[in-house]
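Scroll down for the structure; my scribbles are underneath it.
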Amino acid sequence: MKISQITETLEDFAPLDLQESFDNSGIQVGDISQTVKGILLSLDVTEEVLEEALQLGCNLIISHHPLLFKPIKKLTGKTYIERCVIKACKNDLVIYAAHTNVDNAFGGLNFYLAEKLGLQNRQILGPQKENLLKLVTFVPEAQAEMVRNALFDAGAGCIGNYDLCSFNVPGTGTFRAGEQTHPFVGNRHELHTEPEIRIETILPDRKKSAVLQALLAVHPYEEPAYDFYSLANDRNRAGSGIAGELPCPEQEEVFLQRIKTDFKLQSIKHSPFTGKEIRKVALCGGSGAFLIPDAIACGADVFITGEAKYNDYYDVENKILLAVIGHYESEIITKELFYDVITKKITNFAVHFSKTNSNPVHYL
(Lines give C-alpha, C1' and ligand atoms only; values in the text may rest on other atoms or scores of the structure.)
Protein backbone atom coordinates (compact mmCIF):
# COMPACT_ATOMS: atom_id res chain seq x y z
CA MET A 1 0.00 0.00 0.00
CA LYS A 2 1.25 3.45 -0.93
CA ILE A 3 1.36 6.39 1.47
CA SER A 4 -0.81 8.28 -1.04
CA GLN A 5 -3.65 5.86 -0.31
CA ILE A 6 -3.49 6.79 3.38
CA THR A 7 -3.53 10.52 2.64
CA GLU A 8 -6.42 10.04 0.22
CA THR A 9 -8.38 8.29 2.98
CA LEU A 10 -7.81 11.26 5.29
CA GLU A 11 -8.77 13.74 2.59
CA ASP A 12 -11.96 11.82 1.77
CA PHE A 13 -12.92 12.40 5.40
CA ALA A 14 -11.58 15.97 5.66
CA PRO A 15 -11.03 17.49 2.18
CA LEU A 16 -8.23 20.03 2.01
CA ASP A 17 -10.62 22.69 0.71
CA LEU A 18 -12.16 22.77 4.21
CA GLN A 19 -9.00 24.31 5.66
CA GLU A 20 -8.85 27.99 6.50
CA SER A 21 -7.01 30.38 4.18
CA PHE A 22 -4.13 30.86 6.66
CA ASP A 23 -3.51 27.14 7.02
CA ASN A 24 -1.08 24.70 5.39
CA SER A 25 -2.64 21.27 5.72
CA GLY A 26 -1.54 18.38 3.53
CA ILE A 27 1.86 16.98 2.59
CA GLN A 28 4.64 18.79 4.42
CA VAL A 29 7.68 16.73 3.49
CA GLY A 30 8.41 13.56 1.53
CA ASP A 31 7.42 11.27 -1.33
CA ILE A 32 3.91 9.85 -0.93
CA SER A 33 4.50 7.23 -3.64
CA GLN A 34 6.49 5.19 -1.09
CA THR A 35 5.10 1.97 0.34
CA VAL A 36 3.73 2.36 3.87
CA LYS A 37 5.93 0.76 6.54
CA GLY A 38 4.19 2.21 9.58
CA ILE A 39 2.31 5.29 10.74
CA LEU A 40 2.93 7.49 13.76
CA LEU A 41 0.07 9.76 14.89
CA SER A 42 0.92 12.97 16.74
CA LEU A 43 -0.43 16.39 17.60
CA ASP A 44 2.81 18.21 16.69
CA VAL A 45 5.99 17.42 14.79
CA THR A 46 9.18 17.81 16.81
CA GLU A 47 12.64 16.24 16.62
CA GLU A 48 11.57 13.83 19.37
CA VAL A 49 8.55 12.74 17.32
CA LEU A 50 10.74 12.09 14.27
CA GLU A 51 13.13 9.99 16.36
CA GLU A 52 10.17 8.09 17.75
CA ALA A 53 8.98 7.32 14.20
CA LEU A 54 12.41 6.03 13.21
CA GLN A 55 12.65 3.84 16.31
CA LEU A 56 9.24 2.31 15.51
CA GLY A 57 10.07 1.76 11.83
CA CYS A 58 7.41 4.24 10.63
CA ASN A 59 7.87 6.22 7.43
CA LEU A 60 4.70 8.32 7.74
CA ILE A 61 3.95 10.87 10.45
CA ILE A 62 0.42 12.28 10.55
CA SER A 63 0.11 15.35 12.76
CA HIS A 64 -2.65 17.80 13.50
CA HIS A 65 -0.46 20.92 13.57
CA PRO A 66 1.54 21.58 10.39
CA LEU A 67 5.32 21.53 10.73
CA LEU A 68 5.57 24.05 7.90
CA PHE A 69 3.28 26.94 8.69
CA LYS A 70 5.40 29.81 7.44
CA PRO A 71 7.62 29.80 4.32
CA ILE A 72 11.20 28.60 4.78
CA LYS A 73 13.81 30.77 3.05
CA LYS A 74 16.85 28.81 4.21
CA LEU A 75 17.46 25.23 5.25
CA THR A 76 20.47 25.42 7.56
CA GLY A 77 19.26 23.53 10.63
CA LYS A 78 19.16 26.60 12.88
CA THR A 79 15.55 25.99 13.98
CA TYR A 80 13.77 22.81 15.06
CA ILE A 81 11.57 23.12 11.96
CA GLU A 82 14.57 23.14 9.62
CA ARG A 83 16.19 20.27 11.53
CA CYS A 84 12.97 18.23 11.25
CA VAL A 85 12.80 18.80 7.49
CA ILE A 86 16.44 17.80 7.04
CA LYS A 87 16.05 14.68 9.18
CA ALA A 88 12.85 13.65 7.40
CA CYS A 89 14.49 14.00 3.98
CA LYS A 90 17.58 12.05 5.05
CA ASN A 91 15.43 9.17 6.32
CA ASP A 92 12.71 9.14 3.62
CA LEU A 93 10.04 10.14 6.15
CA VAL A 94 6.76 11.63 4.97
CA ILE A 95 5.16 14.27 7.17
CA TYR A 96 1.48 15.01 6.64
CA ALA A 97 -0.72 17.52 8.50
CA ALA A 98 -4.50 17.53 8.85
CA HIS A 99 -5.26 20.77 10.69
CA THR A 100 -8.22 23.13 10.18
CA ASN A 101 -9.71 20.83 7.55
CA VAL A 102 -10.17 18.28 10.37
CA ASP A 103 -11.41 21.04 12.69
CA ASN A 104 -14.07 21.97 10.13
CA ALA A 105 -15.01 18.50 8.89
CA PHE A 106 -18.31 16.85 9.76
CA GLY A 107 -17.38 14.24 12.37
CA GLY A 108 -14.02 15.95 12.94
CA LEU A 109 -12.23 17.21 16.04
CA ASN A 110 -15.09 19.24 17.52
CA PHE A 111 -17.55 16.39 17.00
CA TYR A 112 -15.11 14.15 18.86
CA LEU A 113 -14.98 16.60 21.75
CA ALA A 114 -18.78 16.85 21.79
CA GLU A 115 -19.06 13.06 21.84
CA LYS A 116 -16.66 12.87 24.78
CA LEU A 117 -18.87 15.33 26.68
CA GLY A 118 -22.04 13.39 25.81
CA LEU A 119 -23.68 16.26 23.93
CA GLN A 120 -26.92 15.59 22.09
CA ASN A 121 -28.61 17.39 19.17
CA ARG A 122 -25.24 18.59 17.89
CA GLN A 123 -25.00 21.37 15.32
CA ILE A 124 -22.14 23.32 13.77
CA LEU A 125 -21.57 26.62 15.52
CA GLY A 126 -20.02 28.60 12.63
CA PRO A 127 -20.97 26.99 9.28
CA GLN A 128 -18.58 27.53 6.38
CA LYS A 129 -19.71 29.07 3.16
CA GLU A 130 -19.95 26.19 0.71
CA ASN A 131 -18.26 26.32 -2.67
CA LEU A 132 -21.16 24.66 -4.44
CA LEU A 133 -22.17 24.39 -8.05
CA LYS A 134 -25.49 23.49 -9.60
CA LEU A 135 -25.26 21.46 -12.79
CA VAL A 136 -28.09 21.62 -15.32
CA THR A 137 -28.13 19.37 -18.37
CA PHE A 138 -30.67 18.09 -20.91
CA VAL A 139 -30.91 14.41 -21.80
CA PRO A 140 -33.25 12.26 -23.94
CA GLU A 141 -35.82 10.59 -21.70
CA ALA A 142 -34.54 7.07 -22.30
CA GLN A 143 -30.98 7.95 -21.22
CA ALA A 144 -31.82 10.20 -18.24
CA GLU A 145 -31.36 7.53 -15.57
CA MET A 146 -28.00 6.44 -16.99
CA VAL A 147 -26.70 10.03 -17.00
CA ARG A 148 -28.00 10.73 -13.48
CA ASN A 149 -26.27 7.64 -12.11
CA ALA A 150 -22.99 8.61 -13.76
CA LEU A 151 -23.20 12.09 -12.20
CA PHE A 152 -23.93 10.61 -8.77
CA ASP A 153 -21.03 8.15 -9.05
CA ALA A 154 -18.70 11.08 -9.83
CA GLY A 155 -19.69 12.93 -6.64
CA ALA A 156 -22.76 14.98 -7.51
CA GLY A 157 -26.12 14.91 -5.77
CA CYS A 158 -25.16 15.10 -2.06
CA ILE A 159 -27.07 17.49 0.23
CA GLY A 160 -26.34 17.04 3.94
CA ASN A 161 -27.08 13.43 4.88
CA TYR A 162 -28.90 12.81 1.60
CA ASP A 163 -27.39 11.56 -1.64
CA LEU A 164 -28.67 10.79 -5.18
CA CYS A 165 -30.39 14.19 -5.12
CA SER A 166 -31.65 15.70 -8.37
CA PHE A 167 -34.59 17.61 -9.82
CA ASN A 168 -36.02 16.49 -13.15
CA VAL A 169 -38.39 18.31 -15.49
CA PRO A 170 -39.68 16.97 -18.82
CA GLY A 171 -39.55 19.28 -21.82
CA THR A 172 -38.85 19.50 -25.51
CA GLY A 173 -35.44 20.07 -27.06
CA THR A 174 -34.89 21.26 -30.62
CA PHE A 175 -31.79 21.27 -32.80
CA ARG A 176 -30.61 20.94 -36.37
CA ALA A 177 -27.50 18.90 -37.11
CA GLY A 178 -25.03 20.44 -39.50
CA GLU A 179 -22.48 19.04 -41.90
CA GLN A 180 -19.79 16.76 -40.41
CA THR A 181 -22.08 15.77 -37.52
CA HIS A 182 -23.26 12.34 -36.41
CA PRO A 183 -26.52 13.05 -34.55
CA PHE A 184 -27.71 10.54 -31.97
CA VAL A 185 -31.30 11.25 -33.06
CA GLY A 186 -32.63 13.13 -36.08
CA ASN A 187 -31.04 13.78 -39.46
CA ARG A 188 -28.55 16.29 -40.77
CA HIS A 189 -29.94 19.59 -42.06
CA GLU A 190 -33.39 18.85 -40.56
CA LEU A 191 -34.97 20.49 -37.53
CA HIS A 192 -35.44 17.79 -34.89
CA THR A 193 -37.71 17.85 -31.83
CA GLU A 194 -36.82 15.50 -28.99
CA PRO A 195 -38.58 14.79 -25.65
CA GLU A 196 -35.89 15.49 -23.04
CA ILE A 197 -35.41 15.62 -19.28
CA ARG A 198 -33.84 18.69 -17.67
CA ILE A 199 -31.64 17.29 -14.88
CA GLU A 200 -30.51 19.57 -12.05
CA THR A 201 -28.09 18.40 -9.37
CA ILE A 202 -25.57 19.87 -6.94
CA LEU A 203 -21.84 19.29 -6.41
CA PRO A 204 -18.81 20.74 -4.59
CA ASP A 205 -16.74 22.85 -6.98
CA ARG A 206 -13.70 20.64 -6.31
CA LYS A 207 -15.55 17.82 -8.10
CA LYS A 208 -16.47 19.86 -11.17
CA SER A 209 -13.86 18.26 -13.41
CA ALA A 210 -14.77 14.68 -12.43
CA VAL A 211 -18.50 15.31 -12.80
CA LEU A 212 -18.07 17.01 -16.18
CA GLN A 213 -15.94 14.14 -17.44
CA ALA A 214 -18.60 11.67 -16.31
CA LEU A 215 -21.30 13.68 -18.07
CA LEU A 216 -19.41 13.87 -21.35
CA ALA A 217 -18.51 10.16 -21.17
CA VAL A 218 -22.10 8.90 -20.97
CA HIS A 219 -24.25 11.62 -22.54
CA PRO A 220 -25.57 10.31 -25.89
CA TYR A 221 -25.32 13.63 -27.73
CA GLU A 222 -22.20 14.72 -29.59
CA GLU A 223 -22.61 18.23 -28.16
CA PRO A 224 -24.46 17.93 -24.84
CA ALA A 225 -25.86 21.16 -23.41
CA TYR A 226 -24.93 21.85 -19.78
CA ASP A 227 -24.55 24.80 -17.40
CA PHE A 228 -22.76 25.25 -14.06
CA TYR A 229 -24.13 27.85 -11.63
CA SER A 230 -22.24 29.07 -8.55
CA LEU A 231 -24.21 28.90 -5.29
CA ALA A 232 -23.69 30.74 -2.00
CA ASN A 233 -25.18 28.18 0.39
CA ASP A 234 -23.85 27.56 3.89
CA ARG A 235 -22.13 24.24 4.48
CA ASN A 236 -24.46 22.67 7.01
CA ARG A 237 -21.99 19.81 7.43
CA ALA A 238 -18.75 21.78 7.75
CA GLY A 239 -17.55 24.67 9.86
CA SER A 240 -16.05 25.79 13.15
CA GLY A 241 -17.16 24.64 16.57
CA ILE A 242 -20.09 22.59 17.82
CA ALA A 243 -23.10 23.29 20.02
CA GLY A 244 -25.14 20.60 21.74
CA GLU A 245 -27.20 19.77 24.79
CA LEU A 246 -26.40 17.82 27.94
CA PRO A 247 -28.75 14.90 28.73
CA CYS A 248 -29.34 16.52 32.14
CA PRO A 249 -28.47 20.04 33.32
CA GLU A 250 -25.46 20.42 35.61
CA GLN A 251 -24.30 23.08 38.02
CA GLU A 252 -21.43 25.18 36.65
CA GLU A 253 -18.78 24.03 39.10
CA VAL A 254 -19.85 20.39 38.81
CA PHE A 255 -19.65 20.60 35.04
CA LEU A 256 -16.16 22.15 35.09
CA GLN A 257 -14.95 19.51 37.54
CA ARG A 258 -16.23 16.82 35.16
CA ILE A 259 -14.39 18.42 32.24
CA LYS A 260 -11.23 18.56 34.33
CA THR A 261 -11.51 14.84 35.09
CA ASP A 262 -12.57 13.69 31.60
CA PHE A 263 -9.78 15.60 29.84
CA LYS A 264 -7.16 14.94 32.57
CA LEU A 265 -6.54 18.67 33.03
CA GLN A 266 -4.24 20.27 35.57
CA SER A 267 -6.45 23.35 35.65
CA ILE A 268 -9.25 25.22 33.91
CA LYS A 269 -9.33 28.98 33.43
CA HIS A 270 -12.86 30.34 33.46
CA SER A 271 -14.84 33.56 33.66
CA PRO A 272 -16.97 34.33 36.74
CA PHE A 273 -19.83 31.90 37.34
CA THR A 274 -23.15 33.14 35.98
CA GLY A 275 -25.26 31.30 38.57
CA LYS A 276 -27.15 29.44 35.81
CA GLU A 277 -27.31 25.71 35.18
CA ILE A 278 -25.41 24.30 32.21
CA ARG A 279 -27.84 22.90 29.66
CA LYS A 280 -26.48 23.90 26.26
CA VAL A 281 -22.75 23.62 25.58
CA ALA A 282 -20.74 25.22 22.78
CA LEU A 283 -17.11 24.31 22.12
CA CYS A 284 -14.19 24.69 19.75
CA GLY A 285 -10.83 22.99 20.11
CA GLY A 286 -7.66 25.07 19.82
CA SER A 287 -7.93 28.84 19.39
CA GLY A 288 -11.69 29.16 19.26
CA ALA A 289 -12.41 32.42 21.10
CA PHE A 290 -13.54 34.04 17.83
CA LEU A 291 -16.70 31.92 18.16
CA ILE A 292 -17.79 33.40 21.51
CA PRO A 293 -20.43 35.66 19.84
CA ASP A 294 -21.82 32.61 17.98
CA ALA A 295 -21.96 30.63 21.21
CA ILE A 296 -23.90 33.43 22.90
CA ALA A 297 -26.20 33.83 19.89
CA CYS A 298 -27.13 30.13 19.87
CA GLY A 299 -28.13 30.28 23.55
CA ALA A 300 -25.25 28.25 24.99
CA ASP A 301 -24.66 28.40 28.74
CA VAL A 302 -20.93 27.65 28.46
CA PHE A 303 -18.29 27.94 25.78
CA ILE A 304 -15.25 25.66 25.99
CA THR A 305 -12.09 26.32 23.99
CA GLY A 306 -8.34 25.94 24.16
CA GLU A 307 -7.25 29.57 24.20
CA ALA A 308 -8.71 33.00 24.98
CA LYS A 309 -7.41 36.52 25.55
CA TYR A 310 -7.64 38.41 28.83
CA ASN A 311 -10.41 40.70 27.60
CA ASP A 312 -12.50 37.72 26.44
CA TYR A 313 -13.19 36.91 30.08
CA TYR A 314 -14.57 40.44 30.50
CA ASP A 315 -16.48 40.52 27.24
CA VAL A 316 -18.66 37.49 28.00
CA GLU A 317 -20.03 39.50 30.98
CA ASN A 318 -22.87 37.45 32.48
CA LYS A 319 -24.10 36.11 29.13
CA ILE A 320 -22.13 32.85 29.11
CA LEU A 321 -19.52 30.97 31.11
CA LEU A 322 -16.15 30.86 29.32
CA ALA A 323 -14.01 27.78 30.09
CA VAL A 324 -10.47 27.63 28.69
CA ILE A 325 -8.83 24.22 28.96
CA GLY A 326 -5.57 24.66 27.00
CA HIS A 327 -4.74 24.39 23.31
CA TYR A 328 -2.80 21.13 23.60
CA GLU A 329 -5.33 19.61 25.97
CA SER A 330 -8.27 20.40 23.69
CA GLU A 331 -6.65 18.88 20.59
CA ILE A 332 -4.63 15.87 21.75
CA ILE A 333 -7.70 13.77 20.97
CA THR A 334 -6.97 14.19 17.24
CA LYS A 335 -4.64 11.17 17.46
CA GLU A 336 -7.66 9.00 18.28
CA LEU A 337 -9.63 10.62 15.47
CA PHE A 338 -6.88 9.89 12.91
CA TYR A 339 -6.69 6.29 14.13
CA ASP A 340 -10.43 5.74 13.71
CA VAL A 341 -10.54 7.31 10.23
CA ILE A 342 -7.61 5.25 8.95
CA THR A 343 -8.33 1.86 10.53
CA LYS A 344 -12.00 1.84 9.56
CA LYS A 345 -10.90 1.56 5.93
CA ILE A 346 -7.39 0.10 6.10
CA THR A 347 -6.15 -2.40 8.68
CA ASN A 348 -3.07 -4.14 7.27
CA PHE A 349 -0.22 -2.09 8.76
CA ALA A 350 0.99 -0.75 12.09
CA VAL A 351 -0.49 2.51 13.43
CA HIS A 352 1.17 3.98 16.53
CA PHE A 353 0.26 6.80 18.90
CA SER A 354 3.15 9.14 19.63
CA LYS A 355 4.12 9.07 23.29
CA THR A 356 5.99 12.36 23.04
CA ASN A 357 4.45 15.15 25.11
CA SER A 358 4.86 18.06 22.71
CA ASN A 359 2.96 20.57 24.85
CA PRO A 360 5.17 23.71 25.02
CA VAL A 361 3.08 25.10 27.90
CA HIS A 362 4.13 23.98 31.40
CA TYR A 363 2.56 24.61 34.78
CA LEU A 364 4.51 25.15 38.00
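All residue names refer to the C-alpha coordinates as shown: chains lettered A, B, ... in order, residues numbered from 1 in each chain, ligands numbered from 1 in order.
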Please produce, as a Markdown table, a per-residue contact table for stretch 168-247 of chain A versus stretch 17-32 of chain A (criterion: any atom at most 12 Å away, only C-alpha atoms considered), showing the nearest atom pair and its distance in Å to one decimal, sorted by chain then residue number.
```
| residue | atom | partner | partner_atom | distance |
| --- | --- | --- | --- | --- |
| A:Pro204 | CA | A:Asp17 | CA | 9.9 |
| A:Asp205 | CA | A:Asp17 | CA | 9.8 |
| A:Arg206 | CA | A:Asp17 | CA | 7.9 |
| A:Lys207 | CA | A:Asp17 | CA | 11.2 |
| A:Arg235 | CA | A:Leu18 | CA | 10.1 |
| A:Arg237 | CA | A:Leu18 | CA | 10.8 |
| A:Ala238 | CA | A:Leu18 | CA | 7.5 |
| A:Gly239 | CA | A:Leu18 | CA | 8.0 |
| A:Ser240 | CA | A:Glu20 | CA | 10.0 |
```
So that I can see what lies close to A:Pro66, please list as a ChimeraX atom specification the residues with an atom at most 8 Å from it, counting only C-alpha atoms and leaving out residues fewer than 3 positions away in the same chain. /A:24-25,28,44-45,63,69,96-99
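Interatomic distance, atom CA of A:Gly155 to atom CA of A:Ser209: 10.4 Å.
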One number please: atom CA of A:Val49 to atom CA of A:Gly306, in Å, one decimal. 22.5 Å
Could you give me, as a ChimeraX atom specification, the residues within 10 Å of A:Val341, counting only C-alpha atoms and dropping anything in the same chain fewer than 3 positions from it? /A:6,9-10,12-14,107-108,336-338,344-346
Quote the spacing between atom CA of A:Ala282 and atom CA of A:Gly126 in Å to one decimal place.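 Value for the atom CA of A:Ala282-atom CA of A:Gly126 distance: 10.7 Å.
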